[in-house]
Amino acid sequence: MIPVSLPPREQDSASAPRGTVVSLRGVRLERRLELYRARLADRVQSNRAAVEALYGEGTLFTPQGARSGRSLLRAYQLLQRARARLEELAGDGALPAPRLPERVEALYREVDVLLARADALSGRPLGTGASVSRLPAR
């Protein structure tokens, strides 16, 4: 007798691998957070460059330079507060990320206010840097 091999059994639908389901809301929130982080990093870098320029030129030690330096320092403090809010949104701290959409939006509004105040203090013209606050909330 010749052995006959049977065709492999079809996988039943319960054990078949499924496609990955991606939450579009989660992806949008992640993208928005990364955009805010990029804009924050840009503002911190420009603030640092302005302080270095004041120091390098020696104008930091003049009355006008000291005023500018204090404004830049205050702007940097506001940027640090904005960074803390973004860490809170990402859940990078001791607390988990907020889940309620109202709380998430409130934190983003606070970051927008902090960035606007830092821009005003650092002498950054309004409307430059494509404000993140104009992004759709989704």
# chains A, B, ... in the order shown; residues from 1 in each chain; ligands from 1
>>> residues_around(residues="Tyr108 of chain A", least_positions_apart="5", cutoff="9 Å", atoms="only C-alpha atoms", output="ChimeraX atom specification")
/A:36,85-86,89,103,113,133
>>> closest_residue(among="A:Arg48, A:Arg99, A:Arg117, A:Arg81", to="Gly26 of chain A", atoms="only C-alpha atoms")
A:Arg99
>>> residues_around(residues="Arg67 of chain A", least_positions_apart="4", cutoff="12 Å", atoms="only C-alpha atoms", output="ChimeraX atom specification")
/A:51,54,59-63,71-74,121-123
>>> atom_distance(atom1="atom CA of Asp92 of chain A", atom2="atom CA of Ala120 of chain A")
28.3 Å
>>> residues_around(residues="Ser46 of chain A", least_positions_apart="3", cutoff="12 Å", atoms="only C-alpha atoms", output="number ranges by chain")
A: 39-43, 49-53, 72, 75-76, 79, 118-119, 122-124, 129
>>> write_last_selection(atoms="N, CA and C atoms", output="compact mmCIF listing (two decimals), in the first residue's frame")
# COMPACT_ATOMS: atom_id res chain seq x y z
N ARG A 39 8.41 72.08 18.65
CA ARG A 39 8.31 73.54 18.74
C ARG A 39 8.94 74.04 20.03
N LEU A 40 8.76 73.30 21.12
CA LEU A 40 9.38 73.67 22.39
C LEU A 40 10.90 73.63 22.28
N ALA A 41 11.42 72.57 21.68
CA ALA A 41 12.87 72.46 21.51
C ALA A 41 13.42 73.61 20.66
N ASP A 42 12.67 74.02 19.64
CA ASP A 42 13.08 75.15 18.80
C ASP A 42 13.15 76.44 19.61
N ARG A 43 12.14 76.65 20.46
CA ARG A 43 12.12 77.86 21.28
C ARG A 43 13.23 77.86 22.32
N ALA A 49 20.44 80.57 22.27
CA ALA A 49 21.29 81.30 21.32
C ALA A 49 21.27 82.80 21.60
N ALA A 50 20.10 83.32 22.00
CA ALA A 50 20.01 84.75 22.31
C ALA A 50 20.83 85.09 23.55
N VAL A 51 20.77 84.23 24.57
CA VAL A 51 21.57 84.48 25.77
C VAL A 51 23.06 84.40 25.44
N GLU A 52 23.45 83.42 24.65
CA GLU A 52 24.86 83.27 24.26
C GLU A 52 25.33 84.48 23.46
N ALA A 53 24.46 85.02 22.62
CA ALA A 53 24.83 86.21 21.84
C ALA A 53 25.02 87.41 22.76
N LEU A 72 14.93 87.00 28.98
CA LEU A 72 15.23 85.68 28.41
C LEU A 72 15.22 84.59 29.49
N ALA A 75 11.64 83.85 30.20
CA ALA A 75 11.11 83.06 29.09
C ALA A 75 11.56 81.60 29.22
N TYR A 76 12.80 81.40 29.62
CA TYR A 76 13.31 80.04 29.79
C TYR A 76 12.56 79.31 30.91
N LEU A 79 9.35 78.20 29.51
CA LEU A 79 9.56 77.04 28.63
C LEU A 79 9.76 75.76 29.45
N ALA A 118 6.31 83.14 26.65
CA ALA A 118 7.75 83.03 26.45
C ALA A 118 8.17 83.74 25.16
N ASP A 119 7.36 83.62 24.12
CA ASP A 119 7.66 84.31 22.86
C ASP A 119 7.66 85.82 23.06
N SER A 122 10.82 86.82 25.03
CA SER A 122 12.09 86.65 24.33
C SER A 122 12.19 87.53 23.09
N GLY A 123 11.13 88.28 22.81
CA GLY A 123 11.18 89.18 21.66
C GLY A 123 10.91 88.48 20.35
N ARG A 124 10.42 87.27 20.42
CA ARG A 124 10.08 86.53 19.20
C ARG A 124 8.78 87.11 18.65
N GLY A 129 7.14 80.76 13.52
CA GLY A 129 7.24 79.41 14.05
C GLY A 129 5.97 78.62 13.94
>>> select_by_dssp(residues="segment 13-129 of chain A", states="alpha helix (DSSP H)", output="number ranges by chain")
A: 24-57, 63-90, 101-122
>>> closest_residue(among="A:Leu24, A:Ala66, A:Ala106, A:Leu29", to="Ala90 of chain A", atoms="only C-alpha atoms")
A:Leu29
>>> atom_distance(atom1="atom CA of Ala116 of chain A", atom2="atom CA of Glu88 of chain A")
19.3 Å
>>> atom_distance(atom1="atom CA of Glu30 of chain A", atom2="atom CA of Ala97 of chain A")
11.8 Å
